[in-house]
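J.: Here you go, this is upload-v1.pdb (PDB, N, CA and C atoms, pLDDT in the B column).
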ATOM      1  N   MET A   1      36.596 -50.678 -32.119  1.00 73.00           N
ATOM      2  CA  MET A   1      36.440 -51.689 -33.132  1.00 73.00           C
ATOM      3  C   MET A   1      37.161 -51.227 -34.402  1.00 73.00           C
ATOM      4  N   VAL A   2      37.934 -52.097 -34.985  1.00 80.00           N
ATOM      5  CA  VAL A   2      38.687 -51.792 -36.191  1.00 80.00           C
ATOM      6  C   VAL A   2      37.924 -52.319 -37.396  1.00 80.00           C
ATOM      7  N   THR A   3      37.668 -51.445 -38.361  1.00 86.00           N
ATOM      8  CA  THR A   3      37.014 -51.848 -39.600  1.00 86.00           C
ATOM      9  C   THR A   3      38.058 -51.794 -40.701  1.00 86.00           C
ATOM     10  N   ARG A   4      38.177 -52.872 -41.428  1.00 93.00           N
ATOM     11  CA  ARG A   4      39.178 -52.933 -42.499  1.00 93.00           C
ATOM     12  C   ARG A   4      38.497 -52.786 -43.844  1.00 93.00           C
ATOM     13  N   ILE A   5      39.153 -52.008 -44.706  1.00 94.00           N
ATOM     14  CA  ILE A   5      38.677 -51.860 -46.076  1.00 94.00           C
ATOM     15  C   ILE A   5      39.839 -52.186 -47.001  1.00 94.00           C
ATOM     16  N   SER A   6      39.519 -52.455 -48.240  1.00 95.00           N
ATOM     17  CA  SER A   6      40.565 -52.791 -49.200  1.00 95.00           C
ATOM     18  C   SER A   6      41.343 -51.538 -49.603  1.00 95.00           C
ATOM     19  N   LEU A   7      42.491 -51.744 -50.187  1.00 96.00           N
ATOM     20  CA  LEU A   7      43.309 -50.636 -50.672  1.00 96.00           C
ATOM     21  C   LEU A   7      42.542 -49.818 -51.707  1.00 96.00           C
ATOM     22  N   GLU A   8      41.848 -50.486 -52.608  1.00 96.00           N
ATOM     23  CA  GLU A   8      41.096 -49.793 -53.646  1.00 96.00           C
ATOM     24  C   GLU A   8      40.008 -48.908 -53.038  1.00 96.00           C
ATOM     25  N   GLU A   9      39.305 -49.417 -52.015  1.00 95.00           N
ATOM     26  CA  GLU A   9      38.277 -48.616 -51.350  1.00 95.00           C
ATOM     27  C   GLU A   9      38.893 -47.405 -50.643  1.00 95.00           C
ATOM     28  N   ALA A  10      40.038 -47.596 -50.012  1.00 95.00           N
ATOM     29  CA  ALA A  10      40.719 -46.495 -49.331  1.00 95.00           C
ATOM     30  C   ALA A  10      41.146 -45.434 -50.333  1.00 95.00           C
ATOM     31  N   LEU A  11      41.698 -45.845 -51.473  1.00 95.00           N
ATOM     32  CA  LEU A  11      42.108 -44.882 -52.498  1.00 95.00           C
ATOM     33  C   LEU A  11      40.913 -44.108 -53.043  1.00 95.00           C
ATOM     34  N   GLU A  12      39.767 -44.771 -53.220  1.00 95.00           N
ATOM     35  CA  GLU A  12      38.564 -44.084 -53.689  1.00 95.00           C
ATOM     36  C   GLU A  12      38.084 -43.059 -52.666  1.00 95.00           C
ATOM     37  N   LEU A  13      38.130 -43.405 -51.380  1.00 95.00           N
ATOM     38  CA  LEU A  13      37.725 -42.469 -50.336  1.00 95.00           C
ATOM     39  C   LEU A  13      38.628 -41.243 -50.314  1.00 95.00           C
ATOM     40  N   ILE A  14      39.924 -41.466 -50.439  1.00 95.00           N
ATOM     41  CA  ILE A  14      40.879 -40.354 -50.427  1.00 95.00           C
ATOM     42  C   ILE A  14      40.697 -39.486 -51.667  1.00 95.00           C
ATOM     43  N   ALA A  15      40.596 -40.106 -52.844  1.00 94.00           N
ATOM     44  CA  ALA A  15      40.447 -39.352 -54.093  1.00 94.00           C
ATOM     45  C   ALA A  15      39.158 -38.532 -54.088  1.00 94.00           C
ATOM     46  N   GLY A  16      38.115 -39.014 -53.436  1.00 94.00           N
ATOM     47  CA  GLY A  16      36.858 -38.287 -53.377  1.00 94.00           C
ATOM     48  C   GLY A  16      36.880 -37.121 -52.400  1.00 94.00           C
ATOM     49  N   ALA A  17      37.853 -37.121 -51.491  1.00 95.00           N
ATOM     50  CA  ALA A  17      37.900 -36.090 -50.445  1.00 95.00           C
ATOM     51  C   ALA A  17      38.881 -34.962 -50.751  1.00 95.00           C
ATOM     52  N   VAL A  18      39.694 -35.105 -51.788  1.00 94.00           N
ATOM     53  CA  VAL A  18      40.700 -34.088 -52.095  1.00 94.00           C
ATOM     54  C   VAL A  18      40.482 -33.543 -53.501  1.00 94.00           C
ATOM     55  N   SER A  19      41.022 -32.355 -53.749  1.00 91.00           N
ATOM     56  CA  SER A  19      40.977 -31.773 -55.084  1.00 91.00           C
ATOM     57  C   SER A  19      42.314 -31.086 -55.345  1.00 91.00           C
ATOM     58  N   PRO A  20      42.699 -30.956 -56.615  1.00 85.00           N
ATOM     59  CA  PRO A  20      43.985 -30.319 -56.925  1.00 85.00           C
ATOM     60  C   PRO A  20      44.007 -28.856 -56.486  1.00 85.00           C
ATOM     61  N   LEU A  21      45.163 -28.399 -56.090  1.00 85.00           N
ATOM     62  CA  LEU A  21      45.340 -26.996 -55.745  1.00 85.00           C
ATOM     63  C   LEU A  21      45.473 -26.174 -57.020  1.00 85.00           C
ATOM     64  N   GLY A  22      45.120 -24.932 -56.970  1.00 89.00           N
ATOM     65  CA  GLY A  22      45.264 -24.048 -58.113  1.00 89.00           C
ATOM     66  C   GLY A  22      46.712 -23.597 -58.267  1.00 89.00           C
ATOM     67  N   ALA A  23      47.033 -23.063 -59.417  1.00 91.00           N
ATOM     68  CA  ALA A  23      48.376 -22.554 -59.686  1.00 91.00           C
ATOM     69  C   ALA A  23      48.416 -21.067 -59.364  1.00 91.00           C
ATOM     70  N   GLU A  24      49.577 -20.582 -58.980  1.00 92.00           N
ATOM     71  CA  GLU A  24      49.754 -19.157 -58.733  1.00 92.00           C
ATOM     72  C   GLU A  24      51.105 -18.716 -59.277  1.00 92.00           C
ATOM     73  N   VAL A  25      51.195 -17.469 -59.668  1.00 92.00           N
ATOM     74  CA  VAL A  25      52.433 -16.899 -60.197  1.00 92.00           C
ATOM     75  C   VAL A  25      53.148 -16.193 -59.051  1.00 92.00           C
ATOM     76  N   LEU A  26      54.428 -16.553 -58.852  1.00 92.00           N
ATOM     77  CA  LEU A  26      55.235 -15.973 -57.775  1.00 92.00           C
ATOM     78  C   LEU A  26      56.559 -15.476 -58.326  1.00 92.00           C
ATOM     79  N   PRO A  27      57.165 -14.497 -57.677  1.00 94.00           N
ATOM     80  CA  PRO A  27      58.536 -14.139 -58.016  1.00 94.00           C
ATOM     81  C   PRO A  27      59.456 -15.319 -57.669  1.00 94.00           C
ATOM     82  N   LEU A  28      60.515 -15.461 -58.398  1.00 89.00           N
ATOM     83  CA  LEU A  28      61.426 -16.580 -58.196  1.00 89.00           C
ATOM     84  C   LEU A  28      61.908 -16.668 -56.750  1.00 89.00           C
ATOM     85  N   ALA A  29      62.191 -15.546 -56.119  1.00 93.00           N
ATOM     86  CA  ALA A  29      62.699 -15.544 -54.749  1.00 93.00           C
ATOM     87  C   ALA A  29      61.682 -16.116 -53.755  1.00 93.00           C
ATOM     88  N   ASP A  30      60.395 -16.072 -54.075  1.00 94.00           N
ATOM     89  CA  ASP A  30      59.365 -16.596 -53.188  1.00 94.00           C
ATOM     90  C   ASP A  30      58.975 -18.030 -53.506  1.00 94.00           C
ATOM     91  N   ALA A  31      59.583 -18.623 -54.539  1.00 91.00           N
ATOM     92  CA  ALA A  31      59.188 -19.946 -55.001  1.00 91.00           C
ATOM     93  C   ALA A  31      59.972 -21.088 -54.353  1.00 91.00           C
ATOM     94  N   LEU A  32      60.877 -20.785 -53.453  1.00 93.00           N
ATOM     95  CA  LEU A  32      61.674 -21.820 -52.808  1.00 93.00           C
ATOM     96  C   LEU A  32      60.777 -22.806 -52.075  1.00 93.00           C
ATOM     97  N   GLY A  33      60.964 -24.098 -52.336  1.00 92.00           N
ATOM     98  CA  GLY A  33      60.176 -25.132 -51.689  1.00 92.00           C
ATOM     99  C   GLY A  33      58.856 -25.435 -52.372  1.00 92.00           C
ATOM    100  N   ARG A  34      58.560 -24.766 -53.458  1.00 91.00           N
ATOM    101  CA  ARG A  34      57.314 -24.978 -54.196  1.00 91.00           C
ATOM    102  C   ARG A  34      57.545 -25.981 -55.323  1.00 91.00           C
ATOM    103  N   THR A  35      56.462 -26.445 -55.936  1.00 90.00           N
ATOM    104  CA  THR A  35      56.507 -27.362 -57.068  1.00 90.00           C
ATOM    105  C   THR A  35      55.935 -26.655 -58.289  1.00 90.00           C
ATOM    106  N   LEU A  36      56.580 -26.842 -59.444  1.00 90.00           N
ATOM    107  CA  LEU A  36      56.087 -26.218 -60.676  1.00 90.00           C
ATOM    108  C   LEU A  36      54.749 -26.824 -61.094  1.00 90.00           C
ATOM    109  N   ALA A  37      53.839 -25.986 -61.543  1.00 89.00           N
ATOM    110  CA  ALA A  37      52.542 -26.449 -62.030  1.00 89.00           C
ATOM    111  C   ALA A  37      52.618 -26.848 -63.500  1.00 89.00           C
ATOM    112  N   ALA A  38      53.652 -26.399 -64.202  1.00 88.00           N
ATOM    113  CA  ALA A  38      53.832 -26.709 -65.624  1.00 88.00           C
ATOM    114  C   ALA A  38      55.324 -26.803 -65.915  1.00 88.00           C
ATOM    115  N   ASP A  39      55.658 -27.413 -67.035  1.00 91.00           N
ATOM    116  CA  ASP A  39      57.061 -27.529 -67.426  1.00 91.00           C
ATOM    117  C   ASP A  39      57.645 -26.154 -67.736  1.00 91.00           C
ATOM    118  N   ALA A  40      58.910 -25.975 -67.395  1.00 87.00           N
ATOM    119  CA  ALA A  40      59.626 -24.744 -67.725  1.00 87.00           C
ATOM    120  C   ALA A  40      60.540 -25.033 -68.919  1.00 87.00           C
ATOM    121  N   HIS A  41      60.554 -24.135 -69.892  1.00 89.00           N
ATOM    122  CA  HIS A  41      61.367 -24.319 -71.095  1.00 89.00           C
ATOM    123  C   HIS A  41      62.300 -23.124 -71.270  1.00 89.00           C
ATOM    124  N   ALA A  42      63.562 -23.423 -71.555  1.00 88.00           N
ATOM    125  CA  ALA A  42      64.540 -22.361 -71.794  1.00 88.00           C
ATOM    126  C   ALA A  42      64.520 -21.965 -73.270  1.00 88.00           C
ATOM    127  N   PRO A  43      64.679 -20.690 -73.572  1.00 90.00           N
ATOM    128  CA  PRO A  43      64.667 -20.267 -74.980  1.00 90.00           C
ATOM    129  C   PRO A  43      65.929 -20.692 -75.727  1.00 90.00           C
ATOM    130  N   LEU A  44      67.029 -20.941 -75.015  1.00 89.00           N
ATOM    131  CA  LEU A  44      68.297 -21.367 -75.622  1.00 89.00           C
ATOM    132  C   LEU A  44      68.847 -22.571 -74.864  1.00 89.00           C
ATOM    133  N   ASP A  45      69.554 -23.449 -75.595  1.00 87.00           N
ATOM    134  CA  ASP A  45      70.194 -24.579 -74.950  1.00 87.00           C
ATOM    135  C   ASP A  45      71.349 -24.104 -74.070  1.00 87.00           C
ATOM    136  N   GLN A  46      71.469 -24.691 -72.899  1.00 84.00           N
ATOM    137  CA  GLN A  46      72.587 -24.376 -72.013  1.00 84.00           C
ATOM    138  C   GLN A  46      73.219 -25.665 -71.545  1.00 84.00           C
ATOM    139  N   PRO A  47      74.476 -25.899 -71.717  1.00 86.00           N
ATOM    140  CA  PRO A  47      75.431 -25.070 -72.419  1.00 86.00           C
ATOM    141  C   PRO A  47      75.132 -25.094 -73.929  1.00 86.00           C
ATOM    142  N   PRO A  48      75.590 -24.097 -74.667  1.00 82.00           N
ATOM    143  CA  PRO A  48      75.238 -23.981 -76.081  1.00 82.00           C
ATOM    144  C   PRO A  48      76.092 -24.874 -76.996  1.00 82.00           C
ATOM    145  N   PHE A  49      76.525 -26.025 -76.506  1.00 84.00           N
ATOM    146  CA  PHE A  49      77.310 -26.966 -77.333  1.00 84.00           C
ATOM    147  C   PHE A  49      76.980 -28.367 -76.871  1.00 84.00           C
ATOM    148  N   ASP A  50      77.294 -29.375 -77.723  1.00 80.00           N
ATOM    149  CA  ASP A  50      77.033 -30.783 -77.386  1.00 80.00           C
ATOM    150  C   ASP A  50      78.037 -31.304 -76.382  1.00 80.00           C
TER     151      ASP A  50
END
Output the file's structure in the form of structure tokens.

T.:
Amino acid sequence: MVTRISLEEALELIAGAVSPLGAEVLPLADALGRTLAADAHAPLDQPPFD
């Protein structure tokens, strides 16, 4: 038997079943394929001209 629920109900069920992953610090060589947990900022503009 197929039970149908609305999109909003499905999103609430999913949001209630998952939680964000924690952040971890890795060497750059091990970070391939990962997603940044925070924005990265360069100390100097590159290239250093307009």

J.: How far is it from atom N of A:Gly22 to atom N of A:Leu7, in Å with one decimal?

T.: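 Straight-line distance from atom N of A:Gly22 to atom N of A:Leu7 works out to 27.8 Å.
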
J.: So the first atom is atom N of A:Ala15 and the second is atom CA of A:Ala40; what is the distance between them in Å, to one decimal place?

T.: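 So the answer is 28.6 Å.
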
J.: Please expand the PyMOL selection byres (((chain A and resi 37 and name CA) around 12) and name CA) into the concrete residues it hits in this file, giving the result as a list in words.

T.: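 Answer for the PyMOL selection byres (((chain A and resi 37 and name CA) around 12) and name CA): Pro20, Leu21, Gly22, Ala23, Glu24, Val25, Leu26, Ala31, Arg34, Thr35, Leu36, Ala38, Asp39 and Ala40 of chain A.
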
J.: Using atom CA of A:Leu32 and atom CA of A:Pro48 as the two end points, give the distance in Å to one decimal.

T.: 27.0 Å

J.: I need the helix (DSSP H, G or I) residues of chain A per DSSP on the backbone, written as an MDAnalysis selection string.

T.: chainID A and resid 7:17 28:30

J.: With N, CA and C atoms retained, write the just-selected residues as a PDB file, in the frame of the given file.

T.:
ATOM      1  N   LEU A   7      42.491 -51.744 -50.187  1.00 96.00           N
ATOM      2  CA  LEU A   7      43.309 -50.636 -50.672  1.00 96.00           C
ATOM      3  C   LEU A   7      42.542 -49.818 -51.707  1.00 96.00           C
ATOM      4  N   GLU A   8      41.848 -50.486 -52.608  1.00 96.00           N
ATOM      5  CA  GLU A   8      41.096 -49.793 -53.646  1.00 96.00           C
ATOM      6  C   GLU A   8      40.008 -48.908 -53.038  1.00 96.00           C
ATOM      7  N   GLU A   9      39.305 -49.417 -52.015  1.00 95.00           N
ATOM      8  CA  GLU A   9      38.277 -48.616 -51.350  1.00 95.00           C
ATOM      9  C   GLU A   9      38.893 -47.405 -50.643  1.00 95.00           C
ATOM     10  N   ALA A  10      40.038 -47.596 -50.012  1.00 95.00           N
ATOM     11  CA  ALA A  10      40.719 -46.495 -49.331  1.00 95.00           C
ATOM     12  C   ALA A  10      41.146 -45.434 -50.333  1.00 95.00           C
ATOM     13  N   LEU A  11      41.698 -45.845 -51.473  1.00 95.00           N
ATOM     14  CA  LEU A  11      42.108 -44.882 -52.498  1.00 95.00           C
ATOM     15  C   LEU A  11      40.913 -44.108 -53.043  1.00 95.00           C
ATOM     16  N   GLU A  12      39.767 -44.771 -53.220  1.00 95.00           N
ATOM     17  CA  GLU A  12      38.564 -44.084 -53.689  1.00 95.00           C
ATOM     18  C   GLU A  12      38.084 -43.059 -52.666  1.00 95.00           C
ATOM     19  N   LEU A  13      38.130 -43.405 -51.380  1.00 95.00           N
ATOM     20  CA  LEU A  13      37.725 -42.469 -50.336  1.00 95.00           C
ATOM     21  C   LEU A  13      38.628 -41.243 -50.314  1.00 95.00           C
ATOM     22  N   ILE A  14      39.924 -41.466 -50.439  1.00 95.00           N
ATOM     23  CA  ILE A  14      40.879 -40.354 -50.427  1.00 95.00           C
ATOM     24  C   ILE A  14      40.697 -39.486 -51.667  1.00 95.00           C
ATOM     25  N   ALA A  15      40.596 -40.106 -52.844  1.00 94.00           N
ATOM     26  CA  ALA A  15      40.447 -39.352 -54.093  1.00 94.00           C
ATOM     27  C   ALA A  15      39.158 -38.532 -54.088  1.00 94.00           C
ATOM     28  N   GLY A  16      38.115 -39.014 -53.436  1.00 94.00           N
ATOM     29  CA  GLY A  16      36.858 -38.287 -53.377  1.00 94.00           C
ATOM     30  C   GLY A  16      36.880 -37.121 -52.400  1.00 94.00           C
ATOM     31  N   ALA A  17      37.853 -37.121 -51.491  1.00 95.00           N
ATOM     32  CA  ALA A  17      37.900 -36.090 -50.445  1.00 95.00           C
ATOM     33  C   ALA A  17      38.881 -34.962 -50.751  1.00 95.00           C
ATOM     34  N   LEU A  28      60.515 -15.461 -58.398  1.00 89.00           N
ATOM     35  CA  LEU A  28      61.426 -16.580 -58.196  1.00 89.00           C
ATOM     36  C   LEU A  28      61.908 -16.668 -56.750  1.00 89.00           C
ATOM     37  N   ALA A  29      62.191 -15.546 -56.119  1.00 93.00           N
ATOM     38  CA  ALA A  29      62.699 -15.544 -54.749  1.00 93.00           C
ATOM     39  C   ALA A  29      61.682 -16.116 -53.755  1.00 93.00           C
ATOM     40  N   ASP A  30      60.395 -16.072 -54.075  1.00 94.00           N
ATOM     41  CA  ASP A  30      59.365 -16.596 -53.188  1.00 94.00           C
ATOM     42  C   ASP A  30      58.975 -18.030 -53.506  1.00 94.00           C
TER      43      ASP A  30
END

J.: Since the input is missing atoms for stretch 22-36 of chain A, could you rebuild it with N, CA, C and O atoms and give the result as a compact mmCIF listing (two decimals), in the coordinates of the input?

T.:
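See out-v1.txt below for the written result:
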# COMPACT_ATOMS: atom_id res chain seq x y z
N GLY A 22 45.12 -24.93 -56.97
CA GLY A 22 45.26 -24.05 -58.11
C GLY A 22 46.71 -23.60 -58.27
O GLY A 22 47.52 -23.73 -57.36
N ALA A 23 47.03 -23.06 -59.42
CA ALA A 23 48.38 -22.55 -59.69
C ALA A 23 48.42 -21.07 -59.36
O ALA A 23 47.40 -20.37 -59.45
N GLU A 24 49.58 -20.58 -58.98
CA GLU A 24 49.75 -19.16 -58.73
C GLU A 24 51.10 -18.72 -59.28
O GLU A 24 52.03 -19.50 -59.37
N VAL A 25 51.20 -17.47 -59.67
CA VAL A 25 52.43 -16.90 -60.20
C VAL A 25 53.15 -16.19 -59.05
O VAL A 25 52.56 -15.36 -58.36
N LEU A 26 54.43 -16.55 -58.85
CA LEU A 26 55.24 -15.97 -57.78
C LEU A 26 56.56 -15.48 -58.33
O LEU A 26 57.07 -16.02 -59.30
N PRO A 27 57.16 -14.50 -57.68
CA PRO A 27 58.54 -14.14 -58.02
C PRO A 27 59.46 -15.32 -57.67
O PRO A 27 59.17 -16.08 -56.74
N LEU A 28 60.52 -15.46 -58.40
CA LEU A 28 61.43 -16.58 -58.20
C LEU A 28 61.91 -16.67 -56.75
O LEU A 28 61.99 -17.76 -56.18
N ALA A 29 62.19 -15.55 -56.12
CA ALA A 29 62.70 -15.54 -54.75
C ALA A 29 61.68 -16.12 -53.76
O ALA A 29 62.06 -16.64 -52.71
N ASP A 30 60.40 -16.07 -54.08
CA ASP A 30 59.36 -16.60 -53.19
C ASP A 30 58.98 -18.03 -53.51
O ASP A 30 58.13 -18.61 -52.83
N ALA A 31 59.58 -18.62 -54.54
CA ALA A 31 59.19 -19.95 -55.00
C ALA A 31 59.97 -21.09 -54.35
O ALA A 31 59.71 -22.24 -54.66
N LEU A 32 60.88 -20.78 -53.45
CA LEU A 32 61.67 -21.82 -52.81
C LEU A 32 60.78 -22.81 -52.08
O LEU A 32 59.90 -22.42 -51.31
N GLY A 33 60.96 -24.10 -52.34
CA GLY A 33 60.18 -25.13 -51.69
C GLY A 33 58.86 -25.44 -52.37
O GLY A 33 58.11 -26.29 -51.92
N ARG A 34 58.56 -24.77 -53.46
CA ARG A 34 57.31 -24.98 -54.20
C ARG A 34 57.54 -25.98 -55.32
O ARG A 34 58.67 -26.31 -55.67
N THR A 35 56.46 -26.44 -55.94
CA THR A 35 56.51 -27.36 -57.07
C THR A 35 55.94 -26.66 -58.29
O THR A 35 54.92 -25.96 -58.19
N LEU A 36 56.58 -26.84 -59.44
CA LEU A 36 56.09 -26.22 -60.68
C LEU A 36 54.75 -26.82 -61.09
O LEU A 36 54.56 -28.04 -61.01
